[in-house]
Structure formats: structure tokens, C-alpha cells
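J.: The following file, start07.txt, comprises compact mmCIF, C-alpha atoms:
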# COMPACT_ATOMS: atom_id res chain seq x y z
CA MET A 517 0.00 0.00 0.00
CA LYS A 518 0.93 3.61 -0.48
CA ILE A 519 0.12 5.30 2.84
CA LEU A 520 0.06 9.05 3.47
CA PHE A 521 0.18 10.46 7.00
CA ILE A 522 -0.73 14.15 7.42
CA LEU A 523 0.21 16.02 10.61
CA THR A 524 1.40 19.52 11.51
CA TYR A 525 4.68 18.65 13.25
CA TYR A 526 7.10 15.77 12.69
CA ARG A 527 10.70 15.06 13.59
CA PRO A 528 12.83 16.67 14.89
CA HIS A 529 9.86 18.04 16.86
CA VAL A 530 9.22 15.93 19.97
CA SER A 531 5.70 15.21 21.22
CA GLY A 532 3.55 12.18 21.89
CA LEU A 533 1.79 12.71 18.56
CA THR A 534 4.99 12.84 16.50
CA ILE A 535 6.44 9.82 18.31
CA TYR A 536 3.20 7.89 17.71
CA VAL A 537 3.24 8.58 13.96
CA GLU A 538 6.97 7.96 13.69
CA ARG A 539 6.67 4.52 15.28
CA LEU A 540 3.64 3.55 13.21
CA ALA A 541 5.09 4.84 9.94
CA ARG A 542 8.44 3.12 10.50
CA ALA A 543 6.77 -0.21 11.35
CA LEU A 544 4.56 -0.06 8.26
CA ALA A 545 7.57 0.78 6.07
CA GLU A 546 9.39 -2.24 7.52
CA ARG A 547 6.44 -4.36 6.40
CA GLY A 548 6.99 -3.23 2.84
CA HIS A 549 4.48 -0.40 2.53
CA GLN A 550 5.39 2.88 0.83
CA VAL A 551 4.92 5.51 3.54
CA THR A 552 4.99 9.30 3.25
CA ILE A 553 4.69 11.95 5.98
CA LEU A 554 3.24 15.29 4.86
CA THR A 555 4.06 17.90 7.47
CA SER A 556 5.17 21.50 8.00
CA ARG A 557 8.64 22.86 7.31
CA TYR A 558 8.41 24.83 10.54
CA GLU A 559 12.13 25.67 10.48
CA ARG A 560 13.53 27.00 7.20
CA ASP A 561 16.76 25.03 7.40
CA PHE A 562 14.88 21.71 7.33
CA PRO A 563 15.06 19.86 3.98
CA ALA A 564 11.90 20.03 1.86
CA GLU A 565 12.09 16.26 1.44
CA GLU A 566 14.13 13.46 2.99
CA MET A 567 14.07 9.77 3.90
CA LEU A 568 14.03 8.92 7.61
CA ASP A 569 14.15 5.25 8.61
CA GLY A 570 12.57 4.14 5.35
CA VAL A 571 9.84 6.78 5.51
CA ARG A 572 9.63 9.66 3.03
CA VAL A 573 9.07 13.01 4.75
CA ALA A 574 7.68 15.89 2.65
CA ARG A 575 7.58 19.31 4.29
CA VAL A 576 5.40 22.25 3.24
CA PRO A 577 6.96 25.75 3.61
CA VAL A 578 5.60 27.82 6.51
CA ALA A 579 4.90 31.52 5.88
CA PHE A 580 4.55 32.27 9.59
CA ARG A 581 3.77 30.59 12.89
CA PHE A 582 1.21 31.73 15.46
CA ASN A 583 1.79 30.04 18.81
CA LYS A 584 1.69 26.32 17.86
CA GLY A 585 -0.23 26.87 14.64
CA VAL A 586 1.41 27.31 11.24
CA PHE A 587 0.25 29.05 8.06
CA MET A 588 1.19 27.17 4.89
CA PRO A 589 -0.08 28.86 1.70
CA GLY A 590 1.15 25.98 -0.46
CA PHE A 591 -0.41 23.23 1.63
CA ALA A 592 -3.52 22.61 -0.48
CA ALA A 593 -1.62 22.14 -3.74
CA GLN A 594 1.00 19.86 -2.22
CA ALA A 595 -1.57 17.89 -0.25
CA TRP A 596 -3.64 17.35 -3.42
CA ARG A 597 -0.61 15.92 -5.24
CA GLU A 598 0.32 13.63 -2.37
CA ILE A 599 -3.23 12.42 -1.73
CA ARG A 600 -3.72 11.46 -5.37
CA ALA A 601 -0.44 9.52 -5.31
CA HIS A 602 -1.43 7.38 -2.31
CA ASP A 603 -3.99 4.66 -1.58
CA VAL A 604 -4.67 5.59 2.04
CA VAL A 605 -4.89 9.01 3.73
CA SER A 606 -4.35 9.04 7.52
CA ILE A 607 -4.91 12.48 9.10
CA HIS A 608 -3.72 13.11 12.65
CA LEU A 609 -5.63 15.56 14.82
CA PRO A 610 -5.69 18.12 16.26
CA GLN A 611 -4.51 20.26 13.35
CA VAL A 612 -5.96 23.24 11.51
CA GLU A 613 -5.48 21.61 8.09
CA ALA A 614 -7.68 18.63 8.99
CA ALA A 615 -10.90 19.69 7.23
CA LEU A 616 -9.06 20.71 4.07
CA SER A 617 -7.11 17.43 4.05
CA ALA A 618 -10.26 15.37 4.53
CA LEU A 619 -12.10 17.30 1.81
CA LEU A 620 -9.25 16.87 -0.66
CA ALA A 621 -9.15 13.16 0.15
CA ARG A 622 -12.86 12.84 -0.59
CA LEU A 623 -12.50 14.79 -3.84
CA ALA A 624 -9.68 12.45 -4.85
CA GLY A 625 -11.85 9.41 -4.20
CA ARG A 626 -10.07 8.39 -0.99
CA ARG A 627 -11.73 7.48 2.31
CA PRO A 628 -10.03 9.70 4.91
CA ILE A 629 -9.07 8.11 8.22
CA LEU A 630 -8.56 10.29 11.28
CA THR A 631 -6.56 9.49 14.40
CA TYR A 632 -7.67 11.75 17.23
CA HIS A 633 -4.77 12.10 19.64
CA CYS A 634 -6.12 14.60 22.14
CA ASP A 635 -8.30 17.65 22.65
CA LEU A 636 -6.74 21.04 21.99
CA GLN A 637 -6.63 23.52 24.84
CA MET A 638 -4.74 26.74 24.26
CA PRO A 639 -3.66 29.17 27.01
CA PRO A 640 -6.62 31.05 28.59
CA LEU A 641 -6.00 34.23 26.61
CA TRP A 642 -8.25 35.89 24.04
CA TYR A 643 -6.34 34.47 21.08
CA GLY A 644 -6.20 31.05 22.73
CA ARG A 645 -9.99 30.84 22.88
CA ILE A 646 -10.25 31.84 19.24
CA VAL A 647 -7.72 29.23 18.14
CA ASP A 648 -9.46 26.61 20.28
CA ARG A 649 -12.84 27.26 18.66
CA LEU A 650 -11.52 27.52 15.09
CA THR A 651 -9.55 24.29 15.43
CA PHE A 652 -12.47 22.50 17.08
CA TRP A 653 -14.88 23.37 14.27
CA ASP A 654 -12.30 22.64 11.59
CA ASN A 655 -11.65 19.23 13.13
CA LEU A 656 -15.39 18.64 13.50
CA VAL A 657 -15.81 19.13 9.76
CA ALA A 658 -12.96 16.69 9.20
CA GLY A 659 -14.75 14.22 11.45
CA LYS A 660 -17.93 14.51 9.40
CA LEU A 661 -15.93 13.87 6.22
CA ALA A 662 -13.94 10.99 7.69
CA ASP A 663 -14.66 7.37 6.96
CA THR A 664 -13.18 6.17 10.27
CA ILE A 665 -11.89 7.81 13.45
CA VAL A 666 -9.27 6.07 15.59
CA ALA A 667 -9.13 6.74 19.34
CA TYR A 668 -6.55 5.47 21.84
CA THR A 669 -9.06 4.23 24.44
CA GLU A 670 -12.81 4.06 24.85
CA ASP A 671 -12.41 5.91 28.16
CA PHE A 672 -10.99 8.98 26.43
CA ALA A 673 -13.36 8.74 23.47
CA ARG A 674 -16.40 8.80 25.72
CA HIS A 675 -15.19 11.92 27.56
CA SER A 676 -13.71 13.97 24.72
CA PRO A 677 -15.88 17.00 23.74
CA PHE A 678 -14.88 16.38 20.12
CA LEU A 679 -15.65 12.66 19.99
CA ALA A 680 -18.76 13.09 22.12
CA ARG A 681 -20.30 15.05 19.23
CA PHE A 682 -20.19 11.94 17.11
CA GLN A 683 -21.19 9.59 19.89
CA ILE A 684 -24.43 11.50 20.44
CA SER A 685 -25.29 11.95 16.78
CA ASP A 686 -24.45 8.98 14.66
CA PHE A 687 -22.22 6.25 16.06
CA ARG A 688 -21.04 4.08 18.88
CA PHE A 689 -17.67 2.45 19.25
CA GLN A 690 -16.08 -0.45 17.48
CA ILE A 691 -13.31 -2.01 19.53
CA ASP A 692 -10.80 -3.68 17.26
CA SER A 693 -10.90 -7.44 17.86
CA SER A 694 -7.11 -7.64 17.93
CA GLN A 695 -6.94 -5.48 21.05
CA PRO A 696 -6.61 -7.11 24.49
CA ASP A 697 -9.71 -7.87 26.52
CA ALA A 698 -8.70 -5.23 29.07
CA VAL A 699 -9.67 -2.47 26.65
CA ARG A 700 -12.74 -4.08 25.15
CA ASN A 701 -16.20 -3.40 26.48
CA PRO A 702 -18.64 -6.18 25.55
CA GLN A 703 -21.54 -3.76 26.09
CA SER A 704 -20.32 -1.47 23.30
CA ALA A 705 -22.51 -1.53 20.22
CA ILE A 706 -20.67 -2.15 16.96
CA HIS A 707 -20.41 0.54 14.33
CA ASN A 708 -17.63 1.01 11.80
CA ARG A 709 -17.08 4.74 12.37
CA VAL A 710 -14.83 4.81 15.43
CA ARG A 711 -12.20 2.23 16.33
CA VAL A 712 -10.22 1.99 19.52
CA ILE A 713 -6.62 0.98 18.86
CA LEU A 714 -3.98 1.13 21.57
CA PRO A 715 -1.05 3.38 20.63
CA PRO A 716 2.31 2.02 19.43
CA VAL A 717 4.83 1.56 22.23
CA VAL A 718 8.50 0.81 21.57
CA ILE A 719 11.30 0.93 24.11
CA PRO A 720 14.61 -0.99 24.16
CA ASP A 721 15.88 -2.78 27.24
CA PRO A 722 17.85 -0.57 29.64
CA THR A 723 21.52 -1.43 30.05
CA PRO A 724 23.70 -1.35 33.19
CA ALA A 725 26.30 0.79 31.40
CA GLY A 726 23.69 3.25 30.18
CA MET A 727 22.11 3.50 33.61
CA ARG A 728 25.50 4.15 35.22
CA ALA A 729 26.28 6.87 32.69
CA LEU A 730 22.94 8.55 33.29
CA ARG A 731 23.32 8.41 37.06
CA GLU A 732 26.78 10.00 36.76
CA ARG A 733 25.48 12.69 34.40
CA ALA A 734 22.66 13.55 36.84
CA GLY A 735 24.91 13.37 39.89
CA LEU A 736 22.77 10.71 41.56
CA ILE A 737 23.86 8.78 44.63
CA ASP A 738 22.41 5.54 46.02
CA SER A 739 20.38 7.30 48.70
CA HIS A 740 18.48 9.47 46.22
CA LYS A 741 14.80 8.81 45.59
CA VAL A 742 14.45 9.56 41.89
CA ILE A 743 11.23 10.85 40.32
CA GLY A 744 11.01 10.99 36.53
CA PHE A 745 9.09 13.42 34.33
CA ALA A 746 9.26 12.60 30.61
CA ALA A 747 7.51 15.20 28.46
CA ARG A 748 7.81 18.62 26.92
CA PHE A 749 8.11 21.23 29.66
CA ALA A 750 4.60 22.61 29.14
CA TYR A 751 1.75 23.94 31.28
CA GLU A 752 -0.66 21.18 30.34
CA LYS A 753 1.90 18.52 31.34
CA GLY A 754 1.65 19.63 34.97
CA ALA A 755 5.34 20.33 35.59
CA GLY A 756 4.44 23.11 38.00
CA TYR A 757 2.35 20.78 40.15
CA LEU A 758 5.21 18.29 40.36
CA ILE A 759 7.65 20.98 41.49
CA ASN A 760 5.11 22.29 44.00
CA ALA A 761 4.78 18.75 45.35
CA ILE A 762 8.44 18.77 46.44
CA PRO A 763 7.97 20.19 49.98
CA TYR A 764 5.38 17.49 50.79
CA ILE A 765 7.64 14.70 49.51
CA LEU A 766 10.70 16.07 51.33
CA LYS A 767 8.97 15.54 54.67
CA VAL A 768 9.11 11.78 54.04
CA PHE A 769 12.04 11.44 51.62
CA PRO A 770 14.54 14.27 52.24
CA ASN A 771 17.07 13.05 49.67
CA LEU A 772 14.98 13.69 46.56
CA ARG A 773 15.85 14.31 42.92
CA ILE A 774 13.49 14.94 40.01
CA LEU A 775 14.83 14.19 36.52
CA PHE A 776 13.18 15.96 33.57
CA ALA A 777 13.61 14.28 30.18
CA GLY A 778 12.41 16.28 27.20
CA PRO A 779 12.74 19.75 25.66
CA TYR A 780 12.38 22.54 28.19
CA GLU A 781 13.91 25.92 27.24
CA LYS A 782 12.60 26.53 23.72
CA VAL A 783 9.35 24.60 23.39
CA ILE A 784 7.12 25.80 20.56
CA GLY A 785 4.20 27.85 21.87
CA GLU A 786 5.28 27.65 25.54
CA THR A 787 6.41 30.31 28.03
CA ILE A 788 6.40 28.12 31.14
CA TRP A 789 10.19 27.84 31.35
CA HIS A 790 10.51 31.60 31.70
CA ASP A 791 7.41 31.97 33.89
CA MET A 792 8.50 29.32 36.39
CA GLN A 793 12.10 30.46 36.91
CA PRO A 794 11.50 31.69 40.51
CA LEU A 795 10.07 28.29 41.48
CA ILE A 796 12.78 26.42 39.60
CA ARG A 797 15.49 28.42 41.35
CA GLU A 798 13.87 27.77 44.75
CA TYR A 799 14.06 23.99 44.28
CA GLN A 800 17.04 23.79 41.92
CA ALA A 801 18.95 21.48 44.29
CA HIS A 802 16.30 18.82 43.62
CA LEU A 803 15.88 19.36 39.86
CA THR A 804 17.90 18.06 36.90
CA PHE A 805 16.97 18.90 33.30
CA LEU A 806 18.38 16.34 30.86
CA GLY A 807 16.85 17.64 27.62
CA THR A 808 15.74 15.38 24.79
CA LEU A 809 17.06 11.83 25.05
CA ASN A 810 17.33 9.18 22.34
CA PRO A 811 15.34 5.89 22.71
CA ALA A 812 18.20 3.97 24.35
CA GLU A 813 18.78 6.81 26.81
CA MET A 814 15.06 6.94 27.57
CA ALA A 815 15.11 3.26 28.54
CA ASP A 816 17.99 3.94 30.91
CA PHE A 817 16.15 7.02 32.21
CA PHE A 818 13.04 5.03 33.12
CA ALA A 819 15.10 2.30 34.75
CA VAL A 820 17.05 4.81 36.86
CA CYS A 821 13.84 6.36 38.20
CA ASP A 822 12.06 4.96 41.25
CA VAL A 823 8.76 6.32 39.96
CA VAL A 824 7.62 8.23 36.86
CA THR A 825 4.91 10.87 36.97
CA VAL A 826 2.33 11.88 34.39
CA ALA A 827 0.94 15.01 36.02
CA SER A 828 -1.08 16.29 33.05
CA ILE A 829 -3.97 18.61 33.88
CA ASN A 830 -6.34 18.49 30.90
CA ASN A 831 -7.47 16.53 27.86
CA THR A 832 -4.50 17.63 25.78
CA GLU A 833 -3.13 14.40 27.26
CA SER A 834 -5.18 11.37 26.25
CA PHE A 835 -2.96 8.45 27.27
CA GLY A 836 0.68 9.12 28.10
CA LEU A 837 2.89 6.75 26.11
CA VAL A 838 5.67 7.22 28.65
CA GLN A 839 3.64 5.28 31.21
CA VAL A 840 3.88 2.05 29.24
CA GLU A 841 7.54 2.72 28.41
CA ALA A 842 8.24 3.09 32.13
CA PHE A 843 6.33 -0.13 32.89
CA MET A 844 8.44 -2.02 30.35
CA CYS A 845 11.57 -0.79 32.13
CA GLY A 846 10.27 -1.97 35.51
CA THR A 847 9.23 1.43 36.87
CA PRO A 848 5.80 2.24 38.36
CA VAL A 849 3.87 5.41 37.49
CA VAL A 850 1.78 8.00 39.29
CA ALA A 851 -0.76 9.47 36.83
CA THR A 852 -3.58 11.97 37.12
CA ASN A 853 -7.20 10.86 36.94
CA LEU A 854 -7.80 12.06 33.38
CA PRO A 855 -9.85 10.05 30.85
CA GLY A 856 -7.44 7.87 28.91
CA VAL A 857 -4.44 8.85 31.04
CA ARG A 858 -5.70 6.66 33.90
CA GLN A 859 -5.97 3.63 31.63
CA PRO A 860 -2.35 2.30 31.60
CA VAL A 861 -2.23 2.15 35.41
CA THR A 862 -5.81 0.82 35.59
CA MET A 863 -5.05 -1.92 33.04
CA THR A 864 -1.81 -3.07 34.66
CA GLY A 865 -1.91 -2.09 38.34
CA MET A 866 1.59 -0.61 37.96
CA GLY A 867 1.04 2.61 39.84
CA GLU A 868 -1.38 5.02 41.46
CA ILE A 869 -4.04 7.40 40.12
CA VAL A 870 -4.14 10.85 41.77
CA PRO A 871 -6.37 13.95 41.56
CA ILE A 872 -5.88 16.40 38.69
CA ALA A 873 -4.01 19.69 39.27
CA ASP A 874 -3.37 18.88 42.93
CA ALA A 875 0.25 19.14 44.10
CA ARG A 876 -0.47 17.61 47.50
CA GLY A 877 -2.47 14.73 46.01
CA LEU A 878 0.34 14.11 43.52
CA ALA A 879 2.86 14.06 46.37
CA GLU A 880 0.76 11.57 48.32
CA GLY A 881 0.61 9.21 45.33
CA ILE A 882 4.37 9.46 44.82
CA ILE A 883 5.06 8.81 48.49
CA LYS A 884 2.76 5.77 48.46
CA VAL A 885 4.66 4.23 45.54
CA LEU A 886 8.11 5.12 46.93
CA ARG A 887 7.28 3.43 50.23
CA ASP A 888 6.58 0.07 48.56
CA PRO A 889 7.66 0.11 44.88
CA GLN A 890 7.89 -3.71 44.57
CA ARG A 891 4.16 -3.93 45.16
CA TYR A 892 3.56 -2.30 41.78
CA ILE A 893 6.19 -3.85 39.51
CA LYS A 894 5.09 -6.44 36.92
CA PRO A 895 7.28 -8.50 34.55
CA ARG A 896 8.00 -6.88 31.19
CA ALA A 897 6.52 -9.90 29.39
CA GLU A 898 3.22 -9.37 31.19
CA ILE A 899 3.09 -5.73 30.10
CA MET A 900 4.03 -6.71 26.56
CA GLN A 901 1.02 -9.02 26.36
CA VAL A 902 -1.21 -5.96 26.63
CA PHE A 903 0.87 -3.32 24.84
CA GLU A 904 2.46 -5.02 21.87
CA LEU A 905 3.61 -2.98 18.89
CA ALA A 906 2.73 -5.72 16.40
CA ARG A 907 -0.89 -5.73 17.59
CA THR A 908 -1.20 -1.99 17.01
CA VAL A 909 0.41 -2.18 13.57
CA ASP A 910 -1.79 -5.17 12.65
CA ALA A 911 -4.90 -3.18 13.59
CA TYR A 912 -3.88 -0.19 11.48
CA GLU A 913 -2.83 -2.40 8.57
CA LYS A 914 -6.22 -4.13 8.69
CA LEU A 915 -8.01 -0.77 8.78
CA PHE A 916 -5.97 0.63 5.89
CA GLU A 917 -6.62 -2.46 3.79
CA GLU A 918 -10.35 -2.05 4.36
CA LYS A 919 -10.36 1.64 3.41
CA ARG A 920 -7.73 1.73 0.67
CA LYS A 921 -8.59 2.98 -2.79
CA SER A 922 -9.96 0.04 -4.76
Could you show the structure in this file as C-alpha cells?

T.:
Amino acid sequence: MKILFILTYYRPHVSGLTIYVERLARALAERGHQVTILTSRYERDFPAEEMLDGVRVARVPVAFRFNKGVFMPGFAAQAWREIRAHDVVSIHLPQVEAALSALLARLAGRRPILTYHCDLQMPPLWYGRIVDRLTFWDNLVAGKLADTIVAYTEDFARHSPFLARFQISDFRFQIDSSQPDAVRNPQSAIHNRVRVILPPVVIPDPTPAGMRALRERAGLIDSHKVIGFAARFAYEKGAGYLINAIPYILKVFPNLRILFAGPYEKVIGETIWHDMQPLIREYQAHLTFLGTLNPAEMADFFAVCDVVTVASINNTESFGLVQVEAFMCGTPVVATNLPGVRQPVTMTGMGEIVPIADARGLAEGIIKVLRDPQRYIKPRAEIMQVFELARTVDAYEKLFEEKRKS
């Protein structure tokens, strides 16, 4: 098959959405499919076209960027050419080009497939509300034009304001039969509009040498209790609540270190790094910022941590891939009680669920896990039975075969 993925940001940008598409595209290319990524050329020094891990990446020039959104005057023409050259069109939301992409796919005789990664929630400023509404209605049009919509979990799909529009009007969920029983609800009526497919998770085994190197780099000693935070340093990721949880944790575990893995200083559309400098300086003795790590380093990162946190505060987080990655490296997780985000811990028992946007509640969950971490740890093989990359790729391959241009 010739498969086209359309999304606003791709590598070297780092986010759960880009990692999801990268893993899926690479796996499909390894199976012999011809895969193209159509995305923005958000930095001018990026090549207009290149091959990355067997996947062709085509980038559309960006005239200007507004917060996280991009304006690409040439998008329609390039998208039309790419859509006509491919059998399957997979559009990844949220993005402001979604409705146009879906319409062009329909005009070209393709059956557009959407993957809905999360709800969009911009900063609570006047322009943020405008962008929120415009993107929501654009994506809603795309949903009406789509043949199929993929969601990570039924839990998130049932609580998402976007997906709820469809649930009320014209469909219920179809849970892909290849997914584990833990995410299938036998009471769900079958309809071919929405499919729940667990996201692709890939993480190598940690290594003793890599773990030692990371501990030396972070200045860790054996007595440290290590908390991990693996995400962009962004407001919606709840970094501020984790830092504000420090004084509560210190009362029980005085030798504490929090490791941050991911971009932090120059994150597109974010000002949190600058805004939180007084708080960061106050607790700097307990904070280490590692920046973006490669996959092997991430495995070592998870293994070095005693617990990993997913402190997200709203539906811009719909799952948290890092939870499963941490599980596979033998590390429990404390996650907030958001739809979808609570599912990895709920499905495996490898952690605690805590209240949303509550520094003290987050601290209590972390302390509970740190007091008895062995209680939560499950064998990697057991986690792999639920979250297996091949199962996710099989489900997408099956869906694409069904919807491909005949």
C-alpha cells in the first residue's frame, strides 16, 4: 500500500503525537508499505524532502507561525498531489489543516481516516480561545468527512468533547478485535465509524552501562529517591504541580531528585520555562533537566527512576505513552485521573491514580509508591502481552486495507 500520513509537526519536533506517527510509519515501512509523511517545514533550514528510517518526509513551507499553529499557503496544492499519489490518507488531529485534508481526500476518491490524539486547549487568553474554537470546528468538519476515526481508548473517546459530538449523533464504538480484553467493552454496540486501537509503544531494554552513565550525568547517589518526568516542559503537562509537590515529599524522603527528560527551554508555543524560573530556582537542588534523550537513553532514564509521573492537567493528554515505556523498564507510574491517562495504570496495576491539578495529592501518590515500589512492579513480558507494537500495527494495517482505494 501507499500510505500518506498528514500532521502539523514531525521530527525533529518531539511530542507524543509525533512519536506515535513515527513509530507507526516506521513499522509499516518495515512491512513493505510505501509511507509518506506530509508535514510542516516549521524551520527553514529543514530539507523540503528526505528519507528517515525508510519513511519519506515531505515538508510544506511555513509563511509564519502563530503560537503552535502554522500558516502554509502551499499546503492545499502539495496535499492534493500527495493524496492522489497514495492509496490511504491518515490524518492526525488536532490540526488546523484537517478539514481541508479530509475534503481533498474525498474529492480524490479516498476514504479519509482520522486518528484523534487529544483535545486542543490553548492558554486562557483571548487568542487562545479563538484558536481553540476555530480548530475544534475545523476538526469537527474533518470528522464529518472521515470514513473512520481512531481513538486510543474508549475511556478517552467517551469523555472527549470532540468525539462526544459523534457519539451523540451517529455512532457508537467499534473495539478492534485484535486489542486485548482489558480495553474491550462487551456492552459497546458495533459501528464502523470509530475504532479503539492502543497506541504504538516501543522501548529498548535498559543497560547497566547506560544507567551508570545517566546516574553519573545527573549526579545521583544511592540514597536518592528519583522521580522521573518525561515530556515537553509545558503547562498542560503539569510540571508546576510536580515541582510544587516537592515540599510534601521532602517531609518523608529528604534526599529527593526529580529528573526531567524532554525539551524545556525553547518549546514551541510555551512560556512556562521563563514563567517558572523563581520556582525552579527555589528547588534547583532537587531538579535536573536532561533535555531530549534518544530511545536507548530513555530506557535507561526510566530504569534509573524509582517512579515516573504523568501530572497532566487536561485533555491535551489522552494516554501518556511514557507510562507504558516506564512499565516495560520496571518502573511504576503516578498518573492523574484524566480520561485515557488513567488507563495504563488501571489496566496493569503498575502505579497510582491521583487527583488532577493537585500538588499535595500528587505528592501523596508518589510517596505511596516510593514506600513500597515492589508492590507495583510487573514483569515486562506481562506488560508486553497488553501493549504489543505488532498488535497496534496489525490493527492499522487491517483498517488501511479495508479503506484503501480500490

J.: Which is closest to Val718 (chain A) among A:Val820, A:Ile535, A:Ala897, A:Val573, if we use all atoms listed in the file?

T.: A:Ile535

J.: What is the distance, in Å and to one decimal place, between CA of Gly625 (chain A) and CA of Gly590 (chain A)?

T.: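 Taking CA of Gly625 (chain A) and CA of Gly590 (chain A), their separation equals 21.4 Å.
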
J.: With only C-alpha atoms as the counted atoms, please give the residues lying no more than 12 Å from Gly877 (chain A), apart from itself and same-chain residues fewer than 3 positions off, as a ChimeraX atom specification.

T.: /A:757-758,760-762,764-765,827,850-853,868-874,880-884

J.: Between A:Glu918, A:Asp816, A:Asp569, A:Glu732, which has the minimum distance to Arg539 (chain A) (counting all atoms listed in the file)?

T.: A:Asp569

J.: A:Thr804, A:Asn810, A:Ser606, A:Gln859: which is nearest Pro720 (chain A), counting all atoms listed in the file?

T.: A:Asn810

J.: Using the file's own x, y and z axes, so that the box edges lie along x, y and z, what centre and edge lengths in Å (one decimal) does a box around every listed atom of region 661-672 of chain A get when 4 Å is added on each side? Give it as JSON.

T.:
{"center_x": -11.2, "center_y": 9.0, "center_z": 17.2, "size_x": 17.4, "size_y": 17.8, "size_z": 29.9}

J.: For a quick check of understanding, using all atoms listed in the file, which of A:Thr555, A:Asp663, A:Thr534, A:Asn831 has the smallest distance to Pro677 (chain A)?

T.: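 Closest residue, counting all atoms listed in the file: A:Asn831.
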
J.: Quick one, how far is CA of Arg627 (chain A) from CA of Arg711 (chain A)?

T.: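 One can read the CA of Arg627 (chain A) to CA of Arg711 (chain A) distance as 15.0 Å.
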
J.: Can you work out the spacing between CA of Arg547 (chain A) and CA of Lys919 (chain A) in Å, to one decimal?

T.: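 One can read the CA of Arg547 (chain A) to CA of Lys919 (chain A) distance as 18.1 Å.
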
J.: Taking only C-alpha atoms into account, which of A:Leu616, A:Glu813, A:Ala564, A:Thr524 comes nearest Arg581 (chain A)?

T.: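 For Arg581 (chain A), the nearest of the given residues is A:Thr524.
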
J.: Rank nothing, just name the residue among A:Ile893, A:Val537, A:Ala815, A:Ala750 nearest to Thr787 (chain A), using only C-alpha atoms.

T.: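 Of the candidates, the smallest distance to Thr787 (chain A) is held by A:Ala750.
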
J.: Name all residues at most 9 Å from Ile599 (chain A) (count all atoms listed in the file; drop same-chain ones fewer than 6 positions away) and give them as a list in words.

T.: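 Counting all atoms listed in the file, the residues come to Leu520, Val605, Ser617, Leu620, Ala621, Ala624 and Arg626 of chain A.
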
J.: Give me the residues within 12 Å of Ser556 (chain A) as a PyMOL selection string, counting all atoms listed in the file and dropping any in the same chain fewer than 5 places off.

T.: chain A and resi 522-529+562-565+573-581+584-591+594-595+611-613

J.: Write to file, as a PDB file, keeping the file's coordinate frame, the residues of the selection just made, with C-alpha atoms.

T.:
ATOM      1  CA  ILE A 522      -0.730  14.150   7.420  1.00  0.00           C
ATOM      2  CA  LEU A 523       0.210  16.020  10.610  1.00  0.00           C
ATOM      3  CA  THR A 524       1.400  19.520  11.510  1.00  0.00           C
ATOM      4  CA  TYR A 525       4.680  18.650  13.250  1.00  0.00           C
ATOM      5  CA  TYR A 526       7.100  15.770  12.690  1.00  0.00           C
ATOM      6  CA  ARG A 527      10.700  15.060  13.590  1.00  0.00           C
ATOM      7  CA  PRO A 528      12.830  16.670  14.890  1.00  0.00           C
ATOM      8  CA  HIS A 529       9.860  18.040  16.860  1.00  0.00           C
ATOM      9  CA  PHE A 562      14.880  21.710   7.330  1.00  0.00           C
ATOM     10  CA  PRO A 563      15.060  19.860   3.980  1.00  0.00           C
ATOM     11  CA  ALA A 564      11.900  20.030   1.860  1.00  0.00           C
ATOM     12  CA  GLU A 565      12.090  16.260   1.440  1.00  0.00           C
ATOM     13  CA  VAL A 573       9.070  13.010   4.750  1.00  0.00           C
ATOM     14  CA  ALA A 574       7.680  15.890   2.650  1.00  0.00           C
ATOM     15  CA  ARG A 575       7.580  19.310   4.290  1.00  0.00           C
ATOM     16  CA  VAL A 576       5.400  22.250   3.240  1.00  0.00           C
ATOM     17  CA  PRO A 577       6.960  25.750   3.610  1.00  0.00           C
ATOM     18  CA  VAL A 578       5.600  27.820   6.510  1.00  0.00           C
ATOM     19  CA  ALA A 579       4.900  31.520   5.880  1.00  0.00           C
ATOM     20  CA  PHE A 580       4.550  32.270   9.590  1.00  0.00           C
ATOM     21  CA  ARG A 581       3.770  30.590  12.890  1.00  0.00           C
ATOM     22  CA  LYS A 584       1.690  26.320  17.860  1.00  0.00           C
ATOM     23  CA  GLY A 585      -0.230  26.870  14.640  1.00  0.00           C
ATOM     24  CA  VAL A 586       1.410  27.310  11.240  1.00  0.00           C
ATOM     25  CA  PHE A 587       0.250  29.050   8.060  1.00  0.00           C
ATOM     26  CA  MET A 588       1.190  27.170   4.890  1.00  0.00           C
ATOM     27  CA  PRO A 589      -0.080  28.860   1.700  1.00  0.00           C
ATOM     28  CA  GLY A 590       1.150  25.980  -0.460  1.00  0.00           C
ATOM     29  CA  PHE A 591      -0.410  23.230   1.630  1.00  0.00           C
ATOM     30  CA  GLN A 594       1.000  19.860  -2.220  1.00  0.00           C
ATOM     31  CA  ALA A 595      -1.570  17.890  -0.250  1.00  0.00           C
ATOM     32  CA  GLN A 611      -4.510  20.260  13.350  1.00  0.00           C
ATOM     33  CA  VAL A 612      -5.960  23.240  11.510  1.00  0.00           C
ATOM     34  CA  GLU A 613      -5.480  21.610   8.090  1.00  0.00           C
TER      35      GLU A 613
END

J.: Can you tell me, as a VMD selection string, which residues sit within 12 Å of (6.9, -3.3, 45.1) in the file's frame, using only C-alpha atoms?

T.: chain A and resid 822 to 823 846 to 849 865 to 867 884 to 895

J.: Can you pull out the residues contacting Trp653 (chain A)? Cut-off 10 Å, using only C-alpha atoms, and skip same-chain residues under 6 positions away; I want them as a list of chain:residue names.

T.: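 Answer for this query is A:Val612, A:Ala615, A:Gly659, A:Phe678.
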
J.: Around the point (14.1, 20.1, 23.0) in the file's coordinates, collect all residues with an atom within 10 Å, using only C-alpha atoms, and return them as a CSV table (one decimal) with C-alpha atoms, in the frame of the given file.

T.:
chain,number,residue,atom,x,y,z
A,528,PRO,CA,12.8,16.7,14.9
A,529,HIS,CA,9.9,18.0,16.9
A,530,VAL,CA,9.2,15.9,20.0
A,531,SER,CA,5.7,15.2,21.2
A,747,ALA,CA,7.5,15.2,28.5
A,748,ARG,CA,7.8,18.6,26.9
A,749,PHE,CA,8.1,21.2,29.7
A,777,ALA,CA,13.6,14.3,30.2
A,778,GLY,CA,12.4,16.3,27.2
A,779,PRO,CA,12.7,19.8,25.7
A,780,TYR,CA,12.4,22.5,28.2
A,781,GLU,CA,13.9,25.9,27.2
A,782,LYS,CA,12.6,26.5,23.7
A,783,VAL,CA,9.4,24.6,23.4
A,784,ILE,CA,7.1,25.8,20.6
A,806,LEU,CA,18.4,16.3,30.9
A,807,GLY,CA,16.8,17.6,27.6
A,808,THR,CA,15.7,15.4,24.8
A,809,LEU,CA,17.1,11.8,25.0

J.: Missing atoms in region 725-730 of chain A need filling: write out N, CA and C atoms for it as a CSV table (one decimal), keeping the file's coordinate frame.

T.:
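So part-v9.csv came out as:
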chain,number,residue,atom,x,y,z
A,725,ALA,N,25.4,-0.3,31.7
A,725,ALA,CA,26.3,0.8,31.4
A,725,ALA,C,25.6,2.1,31.2
A,726,GLY,N,24.5,2.0,30.4
A,726,GLY,CA,23.7,3.2,30.2
A,726,GLY,C,23.1,3.9,31.4
A,727,MET,N,22.6,3.0,32.3
A,727,MET,CA,22.1,3.5,33.6
A,727,MET,C,23.2,4.2,34.4
A,728,ARG,N,24.4,3.5,34.5
A,728,ARG,CA,25.5,4.2,35.2
A,728,ARG,C,25.9,5.5,34.7
A,729,ALA,N,25.9,5.6,33.3
A,729,ALA,CA,26.3,6.9,32.7
A,729,ALA,C,25.2,7.9,33.0
A,730,LEU,N,24.0,7.6,33.0
A,730,LEU,CA,22.9,8.6,33.3
A,730,LEU,C,23.0,9.0,34.7
